[in-house]
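**Student:** Pasting in a structure now, in structure tokens, and then I'll have a few things to ask.
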Amino acid sequence: MSRFLTAVLLNCFLLVQVNSFGQASENEYNLVPFPARFTGLSGRFTLASTTRILVTGKDAAQTAAAQLLASQLQATSGLAIVVTPSTPVLAKGKHIIFDKHTAGRCGPEGYTLRVTPEGVRLGAETPKGYFYGVQTLLQLLPADVYGATKNAAANWSMPACDLLDRPRYAHRGLMLDVCRHFMPAPFIKKFIDLLAIHKMNTFHWHLTDDQGWRIEIKKYPKLTQVGSTRKQTLVGHYAENYPQQFDGKPHGGFYTQEQIKDIVRYAAARHVTIVPEIELPGHGLAALAAYPELGCEPAKGYEVGSRWGVIRDVYCPTEKTFTFFQDVLTEVMALFPGKYIHIGGDECPKDAWKKSAFCQDLIKKLALKNEDELQSYIIRRVEKFVVSKGRAIIGWDEILEGGLAPNATVMSWRGIQGGIEAAKLKHTVIMTPGAFCYLDKYQADPTTEPLSIGGYLPLEKVYTYEPTPAELTAAEQKFIQGLQGNIWTEYIHTPEEVEYMAFPRAIALAEIGWMPAGPRNFEDFAARLKNHLKRLDRLHVNYAKRLLDVRSETQFTGEGQLQVRLSKLDSDGKIFFTTNGRDATAAATEYIAPITLTKTTTIKAVTVPANDKPYAETFYIHRAKGKPYTYDSPKQAGSAESADEGHKRLTDGQVAASPRDDRPWVQVYGGNDIALTIDLGEVKPVTKVTASFLKKVMFGILPPKSVDVALSKDGESFKDAIAQPINEPLEGPWRVVPVVADFKTARARYVRVVIKHYGTVPGNELPANIANERTGQQASLAVDEIIVD
């Protein structure tokens, strides 16, 4: 095999090898990310009071990494382990030896590590290599090494192994948005620590946005005097209330330049490069509030944004604005020594430019085709300035629109297509598609999780991501520099909440970025992760404990029967469940095989060891469960036929419990109605037909105007029709709206349901600052399970 075996295969072979030596109980290799090339050996190396850390030559980086290891061991083991220069005599003892490599085997971030009962040798070619080698060495020790107090009773030894380790990708990062909710400087340092521990090398710091300007710029003091504080913040989710509600409490905060310098030094010592992001030409409302002359309507009275979403007030590309950009970026570049400056470039509405006489004249003057090319002109001009200072820009994939700046790196977030396009244009790319890398999405059942922006991204899905698109040629694939997870904080208020959303999903991204290309085994990762979480406990990280959650899969096995299979990501432990409505405990029935249900039932379950959020789900069994249905309207954009591939979602037995959960709904757009006919298979009594609809007025999703239900025995003649007008008030919170049609004595094989959309979205009566952007558009419809009793 010409390339390294994948870590998961090596781990499987390793377990076989270890068992052959009779050492299975001794060796635990719970390493994350798992090394590129790894061999397990027999025995253990035990730390003792006589153990020394030996450094060779006068290598400051080597000594720094050795001191890092020594200080952690001294603080936690109680052993007086110190760093000392190597001598021929000491080198023969049972010590930890740091070696300098020069043969190019390790690369810029790699290292070698060999552990035997006789000693430990760690080698590298660079400071990063030594640092990452120490991170792996610490993971071979008890989890207590990550604590802050001594535990002399722990088993201070490590399993023997031999590895050559280096990362697959050069860029392995996390982004933190501190604009929507400010995070204090001490937490930024802790966040950087957590990146470094997992061998992630880039902290993308999102410092400016509509809702707050978070970096001190001395030439423009009002950016922090005015732009760092919004007068209030949206209550709940963007679509939760109509009209939207606000808390009336100012929210602010910013980092002084001295704080930033300190954090930059802190990150550098941990080999983390900080990429600052200064958003332009959109997402600049906080700056416009401070300096309105930078906008297209200076007299408008800009205010720092107090709600989320895409805001239509953007920078106006005047010479004064370009001077502002250059002045700000000059101060930013003086603070951040890394190569890259992120300039945003995403979600820039063109409305203000279309209405601006200045912008329209500039388009003509520059012979541009449209506003997209005007945005490209702005990005190119900013890039030229940044390059003149010896730096380079990164932008979100919208910077492709209107033509890409000559040397820009593209961060592909709207799926992978932007990354593919940029790589084909021979531009470097960082992959961060929302479907896999946006860690602000729900990671478990939304009804049990903290409020989030929406979407569903469990840990196991993150781990399936492959950053290098197969659509690219081998030459084009070289432009994929790596991947990044993003944490947007609209609904994340505190450092503890950041940790909950980031971990352990960020650890999955760290492993993807480090391990060689090839298949990955999630079960193996989950087993290592379960032990790794003990280290996070010592570090007081508020990670999500979804690894122990109960999950369910269903299979409709025939008339009136449903099989429910329970599982969890953690392969150890047991599941206990009830079906009688009582809470599950360890004294309940142990789950051994799929549960067969013959009526609508709520299953409650817990795991042992226990998860922190017990499982409960209701499974609906009704006459239409699993039955086929057809839509009466043709397949077209925005139709139910298009949204419901396979025609299964409206009779699958999964019923929405909350507006938070987008998954169960069939949604149609553009004023389309829904008409469908369900085939029950034979003529049966029908007493009731129930459907649920979603009300999210701020998203333009409204309850229907009416629902008509009709029955037929032959599929041609429909009667026993019930027309149900819907009188749901639009004001108030979002909710699931049930609609019920009762039949006293009816028999039918076919059930036809016709759902009329609401009409146009209201909102003209709202003040401009809380206006619904979908006002005047045709309403959308979202329907869930059609239950036939």
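Just so we're on the same page: first chain in the structure tokens is A, next is B, and so on; residues restart at 1 for each chain, and ligands are numbered from 1 in the order they show up.
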Excluding Gly415 of chain A and residues on its chain fewer than 5 positions from it, collect all residues at most 12 Å away from it, counting only C-alpha atoms, and give them as number ranges by chain.

**Tutor:** A: 396-398, 420-421, 430-438, 465, 467, 469

**Student:** Would you export the selected residues with N, CA, C and O atoms as a compact mmCIF listing (two decimals), in the first residue's frame, please?

**Tutor:**
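Result went into selection_6.txt, see below:
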```
# COMPACT_ATOMS: atom_id res chain seq x y z
N TRP A 396 -15.57 35.13 2.09
CA TRP A 396 -16.61 34.12 1.91
C TRP A 396 -16.90 33.95 0.42
O TRP A 396 -16.55 34.81 -0.40
N ASP A 397 -17.56 32.87 0.04
CA ASP A 397 -17.61 32.52 -1.39
C ASP A 397 -18.38 33.51 -2.25
O ASP A 397 -18.28 33.46 -3.48
N GLU A 398 -19.11 34.46 -1.66
CA GLU A 398 -19.76 35.49 -2.48
C GLU A 398 -18.76 36.36 -3.22
O GLU A 398 -19.13 37.04 -4.18
N ILE A 420 -15.26 24.48 -5.20
CA ILE A 420 -14.93 23.80 -6.46
C ILE A 420 -14.60 24.82 -7.53
O ILE A 420 -13.60 24.71 -8.25
N GLU A 421 -15.44 25.84 -7.65
CA GLU A 421 -15.22 26.88 -8.67
C GLU A 421 -13.90 27.59 -8.45
O GLU A 421 -13.13 27.82 -9.40
N ILE A 430 -10.61 27.25 1.49
CA ILE A 430 -10.88 26.66 2.79
C ILE A 430 -12.34 26.22 2.79
O ILE A 430 -13.24 27.04 2.55
N MET A 431 -12.57 24.94 3.05
CA MET A 431 -13.92 24.40 2.98
C MET A 431 -14.61 24.53 4.34
O MET A 431 -14.07 24.11 5.37
N THR A 432 -15.80 25.12 4.32
CA THR A 432 -16.56 25.27 5.56
C THR A 432 -18.06 25.27 5.27
O THR A 432 -18.79 26.16 5.67
N PRO A 433 -18.54 24.25 4.53
CA PRO A 433 -19.95 24.24 4.13
C PRO A 433 -20.88 24.13 5.33
O PRO A 433 -20.63 23.38 6.29
N GLY A 434 -21.98 24.89 5.28
CA GLY A 434 -22.90 24.95 6.40
C GLY A 434 -23.47 23.61 6.79
O GLY A 434 -23.75 23.36 7.97
N ALA A 435 -23.66 22.70 5.84
CA ALA A 435 -24.27 21.42 6.13
C ALA A 435 -23.43 20.56 7.06
O ALA A 435 -23.95 19.65 7.71
N PHE A 436 -22.12 20.83 7.15
CA PHE A 436 -21.22 20.01 7.96
C PHE A 436 -20.42 20.80 8.99
O PHE A 436 -19.94 20.23 9.97
N CYS A 437 -20.24 22.09 8.77
CA CYS A 437 -19.26 22.85 9.55
C CYS A 437 -19.85 23.99 10.37
O CYS A 437 -19.11 24.68 11.06
N TYR A 438 -21.16 24.21 10.31
CA TYR A 438 -21.78 25.30 11.06
C TYR A 438 -22.25 24.76 12.41
O TYR A 438 -23.30 24.12 12.51
N TYR A 465 -17.83 14.22 6.95
CA TYR A 465 -17.46 15.23 5.94
C TYR A 465 -16.10 14.93 5.31
O TYR A 465 -15.13 14.65 6.02
N PRO A 467 -13.47 16.98 3.04
CA PRO A 467 -13.25 18.35 2.56
C PRO A 467 -12.80 18.48 1.11
O PRO A 467 -13.02 19.52 0.50
N PRO A 469 -13.30 17.87 -2.58
CA PRO A 469 -14.36 17.38 -3.47
C PRO A 469 -13.82 16.42 -4.53
O PRO A 469 -12.77 16.67 -5.15
```

**Student:** Fewer than 6 positions away in the same chain doesn't count, so skip those; otherwise give me all residues within 7 Å of segment 268-280 of chain A, counting only C-alpha atoms, as a list in words.

**Tutor:**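 Surrounding residues, per the criterion: Lys128, Ala196, Asn201, Thr202, Phe203, His204, Trp205, His206, Leu207, Thr208, Asp209, Gly338, Tyr340, Ile341, His342, Ile343, Gly344 and Gly345 of chain A.
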
**Student:** Would you write out those residues with C-alpha atoms, as a PDB file, in the first residue's frame?

**Tutor:**
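Saved as again_19.pdb:
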```pdb
ATOM      1  CA  LYS A 128       4.904  23.269  15.860  1.00  0.00           C
ATOM      2  CA  ALA A 196      -4.301  23.918  20.333  1.00  0.00           C
ATOM      3  CA  ASN A 201      -3.855  25.875  14.079  1.00  0.00           C
ATOM      4  CA  THR A 202      -6.170  28.743  13.071  1.00  0.00           C
ATOM      5  CA  PHE A 203      -8.518  30.955  15.080  1.00  0.00           C
ATOM      6  CA  HIS A 204     -10.765  32.966  12.773  1.00  0.00           C
ATOM      7  CA  TRP A 205     -11.925  35.920  14.890  1.00  0.00           C
ATOM      8  CA  HIS A 206     -15.118  37.529  13.551  1.00  0.00           C
ATOM      9  CA  LEU A 207     -14.692  41.038  14.958  1.00  0.00           C
ATOM     10  CA  THR A 208     -17.123  43.321  13.115  1.00  0.00           C
ATOM     11  CA  ASP A 209     -20.725  42.982  12.013  1.00  0.00           C
ATOM     12  CA  GLY A 338      -0.445  36.450  10.256  1.00  0.00           C
ATOM     13  CA  TYR A 340      -4.293  36.531   6.073  1.00  0.00           C
ATOM     14  CA  ILE A 341      -6.898  39.205   6.674  1.00  0.00           C
ATOM     15  CA  HIS A 342     -10.514  38.078   6.240  1.00  0.00           C
ATOM     16  CA  ILE A 343     -12.616  40.781   4.614  1.00  0.00           C
ATOM     17  CA  GLY A 344     -16.003  39.023   4.671  1.00  0.00           C
ATOM     18  CA  GLY A 345     -17.696  39.785   1.361  1.00  0.00           C
TER      19      GLY A 345
END
```

**Student:** Extract the full set of helix (DSSP H, G or I) residues from segment 490-647 of chain A according to DSSP on the backbone, and format it as an NGL selection string.

**Tutor:** :A and (495-502 or 505-514 or 522-538 or 546-548 or 640-643)

**Student:** Taking 3 positions as the minimum chain separation for residues in the same chain, which residues sit within 6 Å of segment 747-758 of chain A when counting only C-alpha atoms? Answer as a PyMOL selection string.

**Tutor:** chain A and resi 673-680+682-686+704-713+715

**Student:** Using only C-alpha atoms, find each residue in segment 216-329 of chain A having at least one atom no more than 10 Å away from segment 359-362 of chain A; report its shortest atom-to-atom pair and that distance in Å (one decimal), rows by chain then rising number, as CSV.

**Tutor:**
```
residue,atom,partner,partner_atom,distance
A:Cys296,CA,A:Cys359,CA,8.5
A:Cys316,CA,A:Cys359,CA,7.5
A:Pro317,CA,A:Cys359,CA,7.3
A:Thr318,CA,A:Cys359,CA,8.4
```

**Student:** What does the file look like for those residues with N, CA and C atoms, as a short mmCIF file (atom, residue, chain, number, x, y, z; two decimals), in the first residue's frame?

**Tutor:**
```
data_model
loop_
_atom_site.label_atom_id
_atom_site.label_comp_id
_atom_site.auth_asym_id
_atom_site.auth_seq_id
_atom_site.Cartn_x
_atom_site.Cartn_y
_atom_site.Cartn_z
N CYS A 296 -24.83 54.93 2.01
CA CYS A 296 -25.43 55.59 0.84
C CYS A 296 -26.50 56.61 1.24
N CYS A 316 -21.16 52.42 1.26
CA CYS A 316 -21.21 53.03 -0.06
C CYS A 316 -19.77 53.23 -0.55
N PRO A 317 -19.42 52.77 -1.75
CA PRO A 317 -18.03 52.75 -2.19
C PRO A 317 -17.49 54.11 -2.65
N THR A 318 -17.55 55.09 -1.76
CA THR A 318 -16.97 56.40 -2.05
C THR A 318 -15.49 56.39 -1.69
#
```

**Student:** Using only C-alpha atoms, which of A:Phe191, A:Leu529, A:Glu216, A:Val332 sits nearest Ala502 of chain A?

**Tutor:**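 For Ala502 of chain A, the nearest of the given residues is A:Phe191.
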
**Student:** Just the residues within 12 Å of Arg381 of chain A, please, counting only C-alpha atoms, with nothing from its chain fewer than 6 positions along; format it as a list in words.

**Tutor:**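 Here the qualifying residues turn out to be Leu280, Pro281, Pro317, Glu319, Thr321, Phe322, Thr323, Phe325, Gln326, Ile343, Leu374, Gln375, Val387, Ser388, Ile393, Leu404, Ala405, Pro406, Asn407 and Ala408 of chain A.
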
**Student:** Show which residues sit within 10 Å of segment 27-34 of chain A, as a ChimeraX atom specification. Count only C-alpha atoms, and ignore same-chain residues fewer than 6 positions away.

**Tutor:** /A:6-8,10-11,14-15,18-19,40-44,135-141,158-161,165,167,197-200,507-516,524-532

**Student:** Put those residues in a file: N, CA and C atoms, as a CSV table (one decimal), in the first residue's frame.

**Tutor:**
```csv
chain,number,residue,atom,x,y,z
A,6,THR,N,-5.1,4.0,6.9
A,6,THR,CA,-5.9,5.0,7.6
A,6,THR,C,-5.8,4.6,9.1
A,7,ALA,N,-6.1,5.6,9.9
A,7,ALA,CA,-5.9,5.5,11.4
A,7,ALA,C,-6.9,4.4,11.9
A,8,VAL,N,-8.1,4.4,11.3
A,8,VAL,CA,-9.0,3.4,11.9
A,8,VAL,C,-8.6,2.0,11.6
A,10,LEU,N,-5.5,1.0,11.2
A,10,LEU,CA,-4.4,0.7,12.1
A,10,LEU,C,-4.9,0.4,13.5
A,11,ASN,N,-5.9,1.1,13.9
A,11,ASN,CA,-6.4,0.9,15.3
A,11,ASN,C,-7.0,-0.5,15.4
A,14,LEU,N,-4.2,-2.8,15.5
A,14,LEU,CA,-3.5,-2.6,16.8
A,14,LEU,C,-4.2,-3.4,17.9
A,15,LEU,N,-5.5,-3.4,17.9
A,15,LEU,CA,-6.2,-4.2,18.9
A,15,LEU,C,-5.9,-5.6,18.8
A,18,VAL,N,-2.3,-6.1,20.1
A,18,VAL,CA,-2.2,-6.0,21.5
A,18,VAL,C,-2.7,-7.2,22.2
A,19,ASN,N,-3.9,-7.8,21.8
A,19,ASN,CA,-4.4,-8.9,22.4
A,19,ASN,C,-3.5,-10.1,22.3
A,40,GLY,N,1.1,0.1,17.8
A,40,GLY,CA,1.0,-0.2,19.2
A,40,GLY,C,2.1,-1.2,19.6
A,41,LEU,N,2.8,-0.9,20.7
A,41,LEU,CA,3.8,-1.8,21.2
A,41,LEU,C,3.4,-2.4,22.6
A,42,SER,N,4.2,-3.3,23.1
A,42,SER,CA,3.9,-4.0,24.3
A,42,SER,C,4.5,-3.2,25.5
A,43,GLY,N,3.8,-3.2,26.6
A,43,GLY,CA,4.4,-2.6,27.8
A,43,GLY,C,4.0,-1.1,28.0
A,44,ARG,N,4.5,-0.5,29.1
A,44,ARG,CA,4.3,0.9,29.4
A,44,ARG,C,5.5,1.6,29.9
A,135,GLN,N,1.3,17.4,22.8
A,135,GLN,CA,-0.1,17.2,22.9
A,135,GLN,C,-0.5,15.7,22.9
A,136,THR,N,0.1,14.9,22.0
A,136,THR,CA,-0.1,13.5,21.9
A,136,THR,C,0.4,12.8,23.1
A,137,LEU,N,1.6,13.2,23.6
A,137,LEU,CA,2.2,12.6,24.7
A,137,LEU,C,1.3,12.8,26.0
A,138,LEU,N,0.7,14.0,26.1
A,138,LEU,CA,-0.2,14.2,27.2
A,138,LEU,C,-1.4,13.3,27.1
A,139,GLN,N,-1.9,13.1,25.9
A,139,GLN,CA,-3.1,12.2,25.8
A,139,GLN,C,-2.8,10.8,26.1
A,140,LEU,N,-1.6,10.3,26.1
A,140,LEU,CA,-1.2,9.0,26.5
A,140,LEU,C,-1.2,8.8,28.0
A,141,LEU,N,-1.2,9.9,28.7
A,141,LEU,CA,-1.2,9.9,30.2
A,141,LEU,C,-2.6,9.9,30.7
A,158,MET,N,2.3,5.6,30.5
A,158,MET,CA,1.7,5.7,29.2
A,158,MET,C,2.0,4.4,28.4
A,159,PRO,N,1.0,4.0,27.6
A,159,PRO,CA,1.2,2.8,26.8
A,159,PRO,C,2.3,2.9,25.7
A,160,ALA,N,3.0,1.9,25.5
A,160,ALA,CA,4.1,1.9,24.5
A,160,ALA,C,3.5,2.0,23.1
A,161,CYS,N,4.1,2.8,22.2
A,161,CYS,CA,3.7,2.9,20.8
A,161,CYS,C,4.8,3.6,20.0
A,165,ASP,N,3.7,11.2,12.8
A,165,ASP,CA,2.4,11.9,12.7
A,165,ASP,C,2.6,13.3,12.0
A,167,PRO,N,-0.2,16.4,9.7
A,167,PRO,CA,-1.5,16.7,9.3
A,167,PRO,C,-1.7,16.5,7.8
A,197,ILE,N,-5.0,22.2,21.8
A,197,ILE,CA,-5.0,20.8,22.4
A,197,ILE,C,-5.5,19.8,21.3
A,198,HIS,N,-6.3,20.2,20.4
A,198,HIS,CA,-6.8,19.3,19.3
A,198,HIS,C,-6.1,19.5,18.0
A,199,LYS,N,-4.9,20.2,18.1
A,199,LYS,CA,-4.0,20.3,16.9
A,199,LYS,C,-4.7,21.1,15.8
A,200,MET,N,-5.5,22.1,16.2
A,200,MET,CA,-6.1,23.0,15.2
A,200,MET,C,-5.2,24.3,15.3
A,507,ILE,N,-14.2,18.6,17.7
A,507,ILE,CA,-13.1,17.6,17.7
A,507,ILE,C,-13.2,16.7,16.5
A,508,ALA,N,-14.5,16.4,16.0
A,508,ALA,CA,-14.6,15.7,14.8
A,508,ALA,C,-14.0,16.4,13.6
A,509,LEU,N,-14.2,17.7,13.6
A,509,LEU,CA,-13.5,18.5,12.5
A,509,LEU,C,-12.0,18.4,12.6
A,510,ALA,N,-11.5,18.5,13.9
A,510,ALA,CA,-10.1,18.5,14.1
A,510,ALA,C,-9.5,17.2,13.5
A,511,GLU,N,-10.2,16.1,13.8
A,511,GLU,CA,-9.7,14.8,13.3
A,511,GLU,C,-9.7,14.7,11.8
A,512,ILE,N,-10.8,15.2,11.2
A,512,ILE,CA,-10.9,15.2,9.7
A,512,ILE,C,-9.8,16.0,9.1
A,513,GLY,N,-9.4,17.1,9.7
A,513,GLY,CA,-8.3,17.9,9.2
A,513,GLY,C,-7.0,17.3,9.4
A,514,TRP,N,-6.8,16.4,10.3
A,514,TRP,CA,-5.5,15.9,10.6
A,514,TRP,C,-5.2,14.5,9.9
A,515,MET,N,-6.2,13.6,10.0
A,515,MET,CA,-6.0,12.2,9.6
A,515,MET,C,-5.8,12.2,8.1
A,516,PRO,N,-5.0,11.2,7.6
A,516,PRO,CA,-4.8,11.0,6.1
A,516,PRO,C,-6.2,10.7,5.4
A,524,ASP,N,-15.2,3.8,16.0
A,524,ASP,CA,-13.9,3.9,16.6
A,524,ASP,C,-13.6,5.3,17.2
A,525,PHE,N,-14.0,6.3,16.4
A,525,PHE,CA,-13.9,7.7,16.9
A,525,PHE,C,-14.7,7.9,18.2
A,526,ALA,N,-15.9,7.4,18.2
A,526,ALA,CA,-16.8,7.6,19.4
A,526,ALA,C,-16.2,7.0,20.6
A,527,ALA,N,-15.6,5.8,20.4
A,527,ALA,CA,-15.0,5.1,21.6
A,527,ALA,C,-13.8,5.9,22.1
A,528,ARG,N,-13.0,6.5,21.3
A,528,ARG,CA,-11.9,7.3,21.7
A,528,ARG,C,-12.4,8.6,22.3
A,529,LEU,N,-13.4,9.2,21.7
A,529,LEU,CA,-13.9,10.4,22.2
A,529,LEU,C,-14.5,10.3,23.6
A,530,LYS,N,-15.2,9.2,23.8
A,530,LYS,CA,-15.8,9.0,25.2
A,530,LYS,C,-14.7,9.1,26.3
A,531,ASN,N,-13.5,8.6,26.0
A,531,ASN,CA,-12.5,8.7,27.0
A,531,ASN,C,-11.9,10.1,27.0
A,532,HIS,N,-11.8,10.7,25.8
A,532,HIS,CA,-11.3,12.1,25.7
A,532,HIS,C,-12.1,13.1,26.4
```

**Student:** Give me every strand (DSSP E or B) residue in segment 158-258 of chain A, going by DSSP on the backbone, as a PyMOL selection string.

**Tutor:** chain A and resi 158-165+171-177+202-206+208-209+212-213+215+229-230+234+241-242+246+251-252+255

**Student:** Restricting the calculation to only C-alpha atoms: of A:Ala544, A:Ile787, A:Ala80, A:Val666, which residue gets closest to Phe619 of chain A?

**Tutor:**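 Comparing A:Ala544, A:Ile787, A:Ala80, A:Val666 against Phe619 of chain A, the winner is A:Ile787.
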